[in-house]
Amino acid sequence: MITYKGKIIVIAGPTASGKSDMALKLAKDINGYIINGDSRQIYKDLNIGTAKPIFDEKISKNIYLLNGIKHFLYDFVNPKENFTLYEYQNAVGTVLNQEKGIPIIVGGTGMYIDSVIFNYELIPNTKEPKDLETKSLEELQSLAKDHINEMNESDRKNRHRLIRAIERGGINRKKGDMLNHIYFVIDIDKEILKGRVRQRIDKMFEDGLLEENISLRKQGYTYEDKGMNSIGYIEFKEYFNDKISLEEVKEKIYKNTLSYIKRQRTWFRRNSESIWTNSYEDILYKASNFISKE
RNA sequence: GGUGACGUAGCCAAGCUGGUUAAGGCCGUGGUCUGCAAAACCACUACCAUGGGUUCGAGUCCCAUCGUCACCU
């Protein structure tokens with residue numbers, strides 16, 4: 001649960017939409033600070049593939065400075081660690097309660113962002129995971145039979161969700177009070193975005209994405225680690241097993257990015273209150289109004 | 001010019017001893033969503049090249065046309 005009662009600005013949107021730049025500008029113009037709303041940029045050592053901002057300096061464990069703007073919750077989780085939504089929400093809550101200024105939460109992970117904005121009621125995980133991973137879909141469905149009525153067609157065939165329902169003993173959709181917020185979604189023509197994704201991936205390779213993967217392996221990370229199951233990394237697994245070429249890796253990253261973007265858009269479309277725009281002036285104007293009104 | 005093979009969704013492709021709803025994959029689109037979320041999952045997408053014929057019934061057999069490919073003179 002988030003207890004913060006102040007205002008908060010969200011800048012969400014698909015990968016490569018330019019949301020980070022928008023947020024940085026806005027933070028300068030309204031004297032705000034930035035909180036990471038991206039489930040991959042939280043990880044240490046995953047830099048190029050996650051398009052993590054390059055900061056000017058590190059202030060403390062998870063506070064960085066870029067252009068004089070404070071950035072929170074970047075680069076602070078071990079990729080081997082099993083980081084959860086609860087911990088994320090908690091970490092954001094702590095920042096919100098401590099920091100002065102207008103928080104701007106920026107990222108592409110809809111569930112992370114919404115867990116804060118819509119104040120999901122989460123409880124720390126106490127139960128040890130049962131050995132459900134190896135069970136078949138049918139077995140899981142039978143174990144979850146008490147909750148299956150609450151689940152939809154899609155979730156009933158989804159192992160993750162079934163396991164979750166069994167462990168938790170049901171479905172939880174509780175929310176606390178919604179935060180006082182304004183929710184921007186960067187809206188870009190899909191064809192233009194495709195072009196940008198291409199460029200961005202080319203740039204990642206130029207910047208040493210392959211070398212980063214090699215180095216991660218040397219440091220002892222494997223593609224089974226939570227954080228490593230990310231676009232820009234997991235595609236290299238087959239490359240190192242001599243299964244596919246570097247060109248194929250690149251193509252897979254491209255395809256995976258596009259389908260990720262599609263899912264992101266689907267998520268953000270659910271929130272009918274959100275403001276879809278690609279104009280910084282628009283964002284600045286509306287954000288300023290939002291801040292100044294009582 | 002001759003012979004042969006082939007022509008099934010945007011792409012690849014099964015079906016070819018004729019018979020209820022034409023496999024599957026990719027791409028695409030829409031969607032689900034309170035602890036792996038850059039995850040996982042669901043749904044949708046075919047006038048079977050064209051025109052005839054045989055048959056109770058044809059993507060499936062026959063003929064012609066068009067097209068593609070291979071080989072031959």
# chains A, B, ... in the order shown; residues from 1 in each chain; ligands from 1

$ interface_residues --of "chain A" --to "chain B" --cutoff "8 Å" --atoms "only C-alpha atoms (C1' of nucleotides)" --output "PyMOL selection string"
chain A and resi 39-40+82+84-86+109+111+115+120-122+125+152-155+157-161+172-174+226+229-231+257+260+266

$ select_by_dssp --residues "stretch 8-209 of chain A" --states "strand (DSSP E)" --output "mmCIF file with N, CA and C atoms, in the first residue's frame"
data_model
loop_
_atom_site.group_PDB
_atom_site.id
_atom_site.type_symbol
_atom_site.label_atom_id
_atom_site.label_comp_id
_atom_site.auth_asym_id
_atom_site.auth_seq_id
_atom_site.Cartn_x
_atom_site.Cartn_y
_atom_site.Cartn_z
ATOM 1 N N ILE A 8 1.285 13.062 -8.318
ATOM 2 C CA ILE A 8 2.290 12.271 -9.037
ATOM 3 C C ILE A 8 1.966 12.279 -10.533
ATOM 4 N N ILE A 9 3.009 12.345 -11.310
ATOM 5 C CA ILE A 9 2.851 12.368 -12.763
ATOM 6 C C ILE A 9 3.385 11.067 -13.331
ATOM 7 N N VAL A 10 2.665 10.492 -14.263
ATOM 8 C CA VAL A 10 3.120 9.272 -14.926
ATOM 9 C C VAL A 10 3.438 9.587 -16.378
ATOM 10 N N ILE A 11 4.583 9.155 -16.815
ATOM 11 C CA ILE A 11 4.880 9.177 -18.247
ATOM 12 C C ILE A 11 5.185 7.752 -18.653
ATOM 13 N N ALA A 12 4.194 7.126 -19.261
ATOM 14 C CA ALA A 12 4.335 5.741 -19.675
ATOM 15 C C ALA A 12 4.394 5.694 -21.195
ATOM 16 N N GLY A 32 10.869 18.583 -10.712
ATOM 17 C CA GLY A 32 10.435 17.279 -10.225
ATOM 18 C C GLY A 32 11.599 16.308 -10.104
ATOM 19 N N TYR A 33 11.290 15.099 -9.762
ATOM 20 C CA TYR A 33 12.298 14.035 -9.751
ATOM 21 C C TYR A 33 11.704 12.792 -10.390
ATOM 22 N N ILE A 34 12.566 11.881 -10.752
ATOM 23 C CA ILE A 34 12.129 10.756 -11.571
ATOM 24 C C ILE A 34 12.220 9.437 -10.824
ATOM 25 N N ILE A 35 11.165 8.650 -10.971
ATOM 26 C CA ILE A 35 11.157 7.292 -10.405
ATOM 27 C C ILE A 35 11.026 6.309 -11.562
ATOM 28 N N ASN A 36 11.836 5.293 -11.524
ATOM 29 C CA ASN A 36 11.838 4.292 -12.578
ATOM 30 C C ASN A 36 10.569 3.427 -12.551
ATOM 31 N N GLU A 57 26.182 10.888 -12.080
ATOM 32 C CA GLU A 57 26.805 10.412 -10.839
ATOM 33 C C GLU A 57 25.819 9.632 -9.983
ATOM 34 N N LYS A 58 26.391 8.862 -9.096
ATOM 35 C CA LYS A 58 25.585 8.073 -8.174
ATOM 36 C C LYS A 58 25.616 8.751 -6.813
ATOM 37 N N ILE A 59 24.441 9.009 -6.278
ATOM 38 C CA ILE A 59 24.379 9.694 -4.992
ATOM 39 C C ILE A 59 24.363 8.689 -3.850
ATOM 40 N N SER A 60 23.529 7.657 -3.995
ATOM 41 C CA SER A 60 23.513 6.600 -2.985
ATOM 42 C C SER A 60 22.965 5.332 -3.621
ATOM 43 N N ILE A 63 19.938 6.012 -5.905
ATOM 44 C CA ILE A 63 19.677 7.371 -6.368
ATOM 45 C C ILE A 63 20.797 7.815 -7.306
ATOM 46 N N TYR A 64 20.416 8.224 -8.482
ATOM 47 C CA TYR A 64 21.386 8.692 -9.465
ATOM 48 C C TYR A 64 21.032 10.110 -9.888
ATOM 49 N N LEU A 65 22.034 10.782 -10.442
ATOM 50 C CA LEU A 65 21.819 12.141 -10.908
ATOM 51 C C LEU A 65 22.069 12.200 -12.412
ATOM 52 N N LEU A 66 21.150 12.844 -13.140
ATOM 53 C CA LEU A 66 21.333 13.065 -14.575
ATOM 54 C C LEU A 66 20.806 14.456 -14.890
ATOM 55 N N ILE A 69 18.957 16.131 -12.261
ATOM 56 C CA ILE A 69 17.673 15.585 -11.820
ATOM 57 C C ILE A 69 17.905 14.251 -11.111
ATOM 58 N N LYS A 70 17.270 14.106 -9.967
ATOM 59 C CA LYS A 70 17.400 12.864 -9.216
ATOM 60 C C LYS A 70 16.594 11.748 -9.887
ATOM 61 N N HIS A 71 17.225 10.598 -9.991
ATOM 62 C CA HIS A 71 16.571 9.404 -10.539
ATOM 63 C C HIS A 71 16.592 8.307 -9.477
ATOM 64 N N PHE A 72 15.429 7.745 -9.218
ATOM 65 C CA PHE A 72 15.329 6.717 -8.177
ATOM 66 C C PHE A 72 15.019 5.338 -8.755
ATOM 67 N N ILE A 102 7.954 17.196 -7.159
ATOM 68 C CA ILE A 102 6.917 16.431 -7.848
ATOM 69 C C ILE A 102 7.503 15.139 -8.410
ATOM 70 N N PRO A 103 6.977 13.998 -8.001
ATOM 71 C CA PRO A 103 7.470 12.740 -8.556
ATOM 72 C C PRO A 103 6.943 12.493 -9.968
ATOM 73 N N ILE A 104 7.830 12.052 -10.817
ATOM 74 C CA ILE A 104 7.438 11.654 -12.169
ATOM 75 C C ILE A 104 7.854 10.205 -12.332
ATOM 76 N N ILE A 105 6.899 9.357 -12.498
ATOM 77 C CA ILE A 105 7.217 7.946 -12.660
ATOM 78 C C ILE A 105 7.250 7.649 -14.159
ATOM 79 N N VAL A 106 8.363 7.108 -14.613
ATOM 80 C CA VAL A 106 8.587 6.906 -16.046
ATOM 81 C C VAL A 106 8.890 5.463 -16.340
ATOM 82 N N GLY A 107 8.216 4.897 -17.304
ATOM 83 C CA GLY A 107 8.570 3.532 -17.666
ATOM 84 C C GLY A 107 7.551 2.876 -18.560
ATOM 85 N N ASN A 180 -3.381 10.767 -6.416
ATOM 86 C CA ASN A 180 -3.755 11.965 -7.173
ATOM 87 C C ASN A 180 -2.755 12.117 -8.321
ATOM 88 N N HIS A 181 -3.181 11.741 -9.488
ATOM 89 C CA HIS A 181 -2.194 11.598 -10.563
ATOM 90 C C HIS A 181 -2.689 12.113 -11.913
ATOM 91 N N ILE A 182 -1.753 12.277 -12.800
ATOM 92 C CA ILE A 182 -2.074 12.504 -14.211
ATOM 93 C C ILE A 182 -1.239 11.501 -14.993
ATOM 94 N N TYR A 183 -1.858 10.841 -15.942
ATOM 95 C CA TYR A 183 -1.256 9.662 -16.569
ATOM 96 C C TYR A 183 -1.061 9.905 -18.057
ATOM 97 N N PHE A 184 0.167 10.166 -18.454
ATOM 98 C CA PHE A 184 0.458 10.361 -19.876
ATOM 99 C C PHE A 184 0.958 9.060 -20.501
ATOM 100 N N VAL A 185 0.526 8.828 -21.713
ATOM 101 C CA VAL A 185 1.069 7.706 -22.488
ATOM 102 C C VAL A 185 1.611 8.281 -23.789
ATOM 103 N N ILE A 186 2.868 8.047 -24.035
ATOM 104 C CA ILE A 186 3.468 8.564 -25.266
ATOM 105 C C ILE A 186 2.900 7.795 -26.458
#

$ closest_residue --among "A:Pro14, A:Gly68, A:Pro79, A:Gly195" --to "A:Asp225" --atoms "only C-alpha atoms"
A:Pro79

$ residues_around --residues "A:Gly13" --least-positions-apart "5" --cutoff "10 Å" --atoms "only C-alpha atoms (C1' of nucleotides)" --output "mmCIF file with N, CA and C atoms, in the first residue's frame"
data_model
loop_
_atom_site.group_PDB
_atom_site.id
_atom_site.type_symbol
_atom_site.label_atom_id
_atom_site.label_comp_id
_atom_site.auth_asym_id
_atom_site.auth_seq_id
_atom_site.Cartn_x
_atom_site.Cartn_y
_atom_site.Cartn_z
ATOM 1 N N GLY A 18 10.575 7.404 -26.469
ATOM 2 C CA GLY A 18 11.211 8.658 -26.065
ATOM 3 C C GLY A 18 10.687 9.192 -24.749
ATOM 4 N N LYS A 19 10.127 8.308 -23.942
ATOM 5 C CA LYS A 19 9.534 8.775 -22.695
ATOM 6 C C LYS A 19 10.570 9.295 -21.694
ATOM 7 N N SER A 20 11.745 8.685 -21.698
ATOM 8 C CA SER A 20 12.768 9.136 -20.754
ATOM 9 C C SER A 20 13.161 10.589 -21.015
ATOM 10 N N VAL A 106 8.363 7.108 -14.613
ATOM 11 C CA VAL A 106 8.587 6.906 -16.046
ATOM 12 C C VAL A 106 8.890 5.463 -16.340
ATOM 13 N N GLY A 107 8.216 4.897 -17.304
ATOM 14 C CA GLY A 107 8.570 3.532 -17.666
ATOM 15 C C GLY A 107 7.551 2.876 -18.560
ATOM 16 N N GLY A 108 7.822 1.635 -18.886
ATOM 17 C CA GLY A 108 6.970 0.906 -19.807
ATOM 18 C C GLY A 108 6.310 -0.304 -19.186
ATOM 19 N N THR A 109 6.523 -0.490 -17.880
ATOM 20 C CA THR A 109 5.942 -1.665 -17.238
ATOM 21 C C THR A 109 4.626 -1.295 -16.573
ATOM 22 N N GLY A 110 3.561 -1.506 -17.303
ATOM 23 C CA GLY A 110 2.242 -1.079 -16.862
ATOM 24 C C GLY A 110 1.871 -1.591 -15.492
ATOM 25 N N PHE A 184 0.167 10.166 -18.454
ATOM 26 C CA PHE A 184 0.458 10.361 -19.876
ATOM 27 C C PHE A 184 0.958 9.060 -20.501
ATOM 28 N N VAL A 185 0.526 8.828 -21.713
ATOM 29 C CA VAL A 185 1.069 7.706 -22.488
ATOM 30 C C VAL A 185 1.611 8.281 -23.789
ATOM 31 N N ILE A 186 2.868 8.047 -24.035
ATOM 32 C CA ILE A 186 3.468 8.564 -25.266
ATOM 33 C C ILE A 186 2.900 7.795 -26.458
ATOM 34 N N ASP A 187 2.373 8.532 -27.380
ATOM 35 C CA ASP A 187 1.632 7.965 -28.503
ATOM 36 C C ASP A 187 2.398 8.234 -29.791
ATOM 37 N N ILE A 188 2.886 7.181 -30.394
ATOM 38 C CA ILE A 188 3.676 7.353 -31.623
ATOM 39 C C ILE A 188 3.159 6.425 -32.699
ATOM 40 N N ILE A 261 5.983 -4.262 -27.509
ATOM 41 C CA ILE A 261 5.344 -2.959 -27.696
ATOM 42 C C ILE A 261 3.835 -3.123 -27.860
ATOM 43 N N GLN A 264 2.384 -3.722 -24.537
ATOM 44 C CA GLN A 264 2.389 -2.493 -23.745
ATOM 45 C C GLN A 264 1.203 -1.611 -24.126
ATOM 46 N N ARG A 265 0.982 -1.481 -25.419
ATOM 47 C CA ARG A 265 -0.124 -0.644 -25.873
ATOM 48 C C ARG A 265 -1.455 -1.193 -25.369
ATOM 49 N N TRP A 267 -1.970 -2.875 -22.720
ATOM 50 C CA TRP A 267 -2.097 -2.571 -21.294
ATOM 51 C C TRP A 267 -2.526 -1.122 -21.093
ATOM 52 N N PHE A 268 -1.836 -0.217 -21.727
ATOM 53 C CA PHE A 268 -2.101 1.198 -21.472
ATOM 54 C C PHE A 268 -3.459 1.646 -22.007
ATOM 55 N N TRP A 276 -3.140 10.313 -24.166
ATOM 56 C CA TRP A 276 -2.208 9.838 -25.183
ATOM 57 C C TRP A 276 -1.725 11.032 -25.990
ATOM 58 N N THR A 277 -0.432 11.224 -25.976
ATOM 59 C CA THR A 277 0.105 12.379 -26.695
ATOM 60 C C THR A 277 1.569 12.152 -27.029
ATOM 61 N N ASN A 278 2.028 12.900 -28.000
ATOM 62 C CA ASN A 278 3.445 12.845 -28.320
ATOM 63 C C ASN A 278 4.039 14.252 -28.317
#

$ select_by_dssp --residues "stretch 56-257 of chain A" --states "helix (DSSP H, G or I)" --output "ChimeraX atom specification"
/A:85-98,110-117,137-143,148-150,153-156,159-168,190-206,209-218,226-228,236-240,246-257

$ write_last_selection --atoms "C-alpha atoms" --output "compact mmCIF listing (two decimals), in the first residue's frame"
# COMPACT_ATOMS: atom_id res chain seq x y z
CA LEU A 85 5.84 -6.36 -7.45
CA TYR A 86 5.42 -5.97 -3.72
CA GLU A 87 9.02 -4.93 -3.28
CA TYR A 88 8.76 -2.52 -6.14
CA GLN A 89 5.66 -0.88 -4.78
CA ASN A 90 7.25 -0.68 -1.37
CA ALA A 91 10.40 0.89 -2.71
CA VAL A 92 8.41 3.52 -4.59
CA GLY A 93 6.35 4.23 -1.49
CA THR A 94 9.49 4.88 0.51
CA VAL A 95 10.82 7.30 -2.08
CA LEU A 96 7.52 9.15 -2.30
CA ASN A 97 7.34 9.64 1.45
CA GLN A 98 10.89 10.92 1.75
CA GLY A 110 2.24 -1.08 -16.86
CA MET A 111 1.74 -3.39 -13.95
CA TYR A 112 4.54 -1.82 -11.92
CA ILE A 113 3.26 1.67 -12.54
CA ASP A 114 -0.36 0.78 -11.89
CA SER A 115 0.48 -1.00 -8.67
CA VAL A 116 1.55 2.41 -7.39
CA ILE A 117 -1.00 4.69 -9.04
CA LEU A 137 -1.63 -27.76 -16.67
CA GLU A 138 -4.45 -30.16 -15.87
CA GLU A 139 -3.10 -30.85 -12.39
CA LEU A 140 -2.78 -27.16 -11.70
CA GLN A 141 -6.30 -26.53 -12.89
CA SER A 142 -7.58 -29.21 -10.61
CA LEU A 143 -5.66 -27.81 -7.63
CA ILE A 148 -11.10 -21.09 -11.32
CA ASN A 149 -14.52 -19.53 -11.54
CA GLU A 150 -12.96 -16.18 -10.80
CA GLU A 153 -10.48 -18.10 -20.28
CA SER A 154 -6.97 -16.82 -20.75
CA ASP A 155 -5.86 -17.15 -17.14
CA ARG A 156 -7.21 -20.64 -16.71
CA ARG A 159 0.43 -21.75 -15.52
CA HIS A 160 1.81 -18.68 -13.76
CA ARG A 161 -1.60 -17.41 -12.84
CA LEU A 162 -2.83 -20.84 -11.74
CA ILE A 163 0.19 -21.34 -9.51
CA ARG A 164 -0.30 -17.89 -8.10
CA ALA A 165 -3.95 -18.55 -7.35
CA ILE A 166 -3.11 -21.81 -5.59
CA GLU A 167 -0.31 -20.32 -3.50
CA ARG A 168 -2.30 -17.29 -2.54
CA LYS A 190 3.60 2.45 -35.23
CA GLU A 191 5.60 2.63 -38.43
CA ILE A 192 7.77 5.38 -37.05
CA LEU A 193 8.24 3.41 -33.86
CA LYS A 194 9.33 0.37 -35.87
CA GLY A 195 12.02 2.43 -37.52
CA ARG A 196 13.20 3.69 -34.17
CA VAL A 197 13.34 0.20 -32.78
CA ARG A 198 15.59 -0.85 -35.67
CA GLN A 199 17.91 2.05 -35.06
CA ARG A 200 17.94 1.49 -31.36
CA ILE A 201 18.91 -2.16 -31.73
CA ASP A 202 21.65 -1.30 -34.22
CA LYS A 203 22.93 1.22 -31.74
CA MET A 204 22.87 -1.33 -28.94
CA PHE A 205 25.04 -3.65 -30.97
CA GLU A 206 27.42 -0.81 -31.80
CA LEU A 209 25.49 -5.55 -26.53
CA LEU A 210 27.32 -8.74 -27.45
CA GLU A 211 30.24 -7.77 -25.23
CA GLU A 212 27.85 -7.01 -22.39
CA ASN A 213 26.37 -10.48 -22.68
CA ILE A 214 29.81 -12.06 -22.75
CA SER A 215 30.78 -10.11 -19.68
CA LEU A 216 27.58 -11.05 -17.85
CA ARG A 217 28.32 -14.70 -18.47
CA LYS A 218 31.82 -14.22 -17.17
CA LYS A 226 15.27 -13.59 -13.49
CA GLY A 227 16.79 -10.43 -14.80
CA MET A 228 18.41 -12.16 -17.72
CA PHE A 236 21.79 -14.58 -26.92
CA LYS A 237 21.23 -17.86 -25.14
CA GLU A 238 20.94 -19.73 -28.41
CA TYR A 239 23.81 -17.78 -29.89
CA PHE A 240 26.15 -19.04 -27.20
CA LEU A 246 24.38 -12.86 -34.56
CA GLU A 247 22.10 -11.64 -37.34
CA GLU A 248 19.40 -13.99 -36.13
CA VAL A 249 19.86 -12.74 -32.59
CA LYS A 250 19.32 -9.23 -33.85
CA GLU A 251 16.21 -10.22 -35.75
CA LYS A 252 14.77 -11.96 -32.72
CA ILE A 253 15.42 -8.95 -30.55
CA TYR A 254 13.58 -6.86 -33.11
CA LYS A 255 10.59 -9.18 -33.26
CA ASN A 256 10.41 -9.61 -29.51
CA THR A 257 10.57 -5.88 -29.05

$ closest_residue --among "B:C61, B:C72, B:C47, B:C26" --to "B:A13" --atoms "only C-alpha atoms (C1' of nucleotides)"
B:C26

$ closest_residue --among "A:Ser259, A:Thr50, A:Asn31, A:Ser17" --to "B:G28" --atoms "only C-alpha atoms (C1' of nucleotides)"
A:Ser259

$ atom_distance --atom1 "atom CA of A:Gly220" --atom2 "atom CA of A:Asp45"
11.6 Å

$ decode --residues "stretch 143-235 of chain A" --atoms "C-alpha atoms" --output "short mmCIF file (atom, residue, chain, number, x, y, z; two decimals), in the first residue's frame"
data_model
loop_
_atom_site.label_atom_id
_atom_site.label_comp_id
_atom_site.auth_asym_id
_atom_site.auth_seq_id
_atom_site.Cartn_x
_atom_site.Cartn_y
_atom_site.Cartn_z
CA LEU A 143 -5.66 -27.81 -7.63
CA ALA A 144 -7.01 -24.36 -8.38
CA LYS A 145 -10.56 -25.52 -8.89
CA ASP A 146 -11.92 -23.40 -6.03
CA HIS A 147 -10.69 -20.24 -7.70
CA ILE A 148 -11.10 -21.09 -11.32
CA ASN A 149 -14.52 -19.53 -11.54
CA GLU A 150 -12.96 -16.18 -10.80
CA MET A 151 -10.48 -16.63 -13.62
CA ASN A 152 -11.05 -15.91 -17.25
CA GLU A 153 -10.48 -18.10 -20.28
CA SER A 154 -6.97 -16.82 -20.75
CA ASP A 155 -5.86 -17.15 -17.14
CA ARG A 156 -7.21 -20.64 -16.71
CA LYS A 157 -4.64 -21.89 -19.17
CA ASN A 158 -1.89 -19.76 -17.78
CA ARG A 159 0.43 -21.75 -15.52
CA HIS A 160 1.81 -18.68 -13.76
CA ARG A 161 -1.60 -17.41 -12.84
CA LEU A 162 -2.83 -20.84 -11.74
CA ILE A 163 0.19 -21.34 -9.51
CA ARG A 164 -0.30 -17.89 -8.10
CA ALA A 165 -3.95 -18.55 -7.35
CA ILE A 166 -3.11 -21.81 -5.59
CA GLU A 167 -0.31 -20.32 -3.50
CA ARG A 168 -2.30 -17.29 -2.54
CA GLY A 169 -5.54 -19.17 -2.10
CA GLY A 170 -7.56 -17.09 -4.49
CA ILE A 171 -7.57 -14.01 -6.61
CA ASN A 172 -6.83 -10.65 -5.05
CA ARG A 173 -7.88 -7.46 -6.77
CA LYS A 174 -8.00 -5.19 -3.74
CA LYS A 175 -7.03 -1.58 -4.11
CA GLY A 176 -6.47 1.25 -1.70
CA ASP A 177 -7.07 4.91 -2.50
CA MET A 178 -5.97 5.90 -5.95
CA LEU A 179 -3.14 8.42 -6.00
CA ASN A 180 -3.75 11.97 -7.17
CA HIS A 181 -2.19 11.60 -10.56
CA ILE A 182 -2.07 12.50 -14.21
CA TYR A 183 -1.26 9.66 -16.57
CA PHE A 184 0.46 10.36 -19.88
CA VAL A 185 1.07 7.71 -22.49
CA ILE A 186 3.47 8.56 -25.27
CA ASP A 187 1.63 7.96 -28.50
CA ILE A 188 3.68 7.35 -31.62
CA ASP A 189 2.75 6.10 -35.04
CA LYS A 190 3.60 2.45 -35.23
CA GLU A 191 5.60 2.63 -38.43
CA ILE A 192 7.77 5.38 -37.05
CA LEU A 193 8.24 3.41 -33.86
CA LYS A 194 9.33 0.37 -35.87
CA GLY A 195 12.02 2.43 -37.52
CA ARG A 196 13.20 3.69 -34.17
CA VAL A 197 13.34 0.20 -32.78
CA ARG A 198 15.59 -0.85 -35.67
CA GLN A 199 17.91 2.05 -35.06
CA ARG A 200 17.94 1.49 -31.36
CA ILE A 201 18.91 -2.16 -31.73
CA ASP A 202 21.65 -1.30 -34.22
CA LYS A 203 22.93 1.22 -31.74
CA MET A 204 22.87 -1.33 -28.94
CA PHE A 205 25.04 -3.65 -30.97
CA GLU A 206 27.42 -0.81 -31.80
CA ASP A 207 27.58 0.05 -28.14
CA GLY A 208 28.56 -3.50 -27.31
CA LEU A 209 25.49 -5.55 -26.53
CA LEU A 210 27.32 -8.74 -27.45
CA GLU A 211 30.24 -7.77 -25.23
CA GLU A 212 27.85 -7.01 -22.39
CA ASN A 213 26.37 -10.48 -22.68
CA ILE A 214 29.81 -12.06 -22.75
CA SER A 215 30.78 -10.11 -19.68
CA LEU A 216 27.58 -11.05 -17.85
CA ARG A 217 28.32 -14.70 -18.47
CA LYS A 218 31.82 -14.22 -17.17
CA GLN A 219 30.42 -12.66 -14.03
CA GLY A 220 28.45 -15.81 -13.44
CA TYR A 221 25.02 -14.82 -14.66
CA THR A 222 23.02 -17.33 -16.65
CA TYR A 223 20.01 -16.94 -18.87
CA GLU A 224 17.97 -18.69 -16.20
CA ASP A 225 18.37 -15.73 -13.86
CA LYS A 226 15.27 -13.59 -13.49
CA GLY A 227 16.79 -10.43 -14.80
CA MET A 228 18.41 -12.16 -17.72
CA ASN A 229 15.05 -13.18 -19.10
CA SER A 230 14.84 -9.86 -20.87
CA ILE A 231 14.79 -8.77 -24.45
CA GLY A 232 18.32 -8.06 -25.56
CA TYR A 233 19.75 -10.83 -23.40
CA ILE A 234 17.69 -13.99 -23.57
CA GLU A 235 18.06 -14.01 -27.36
#
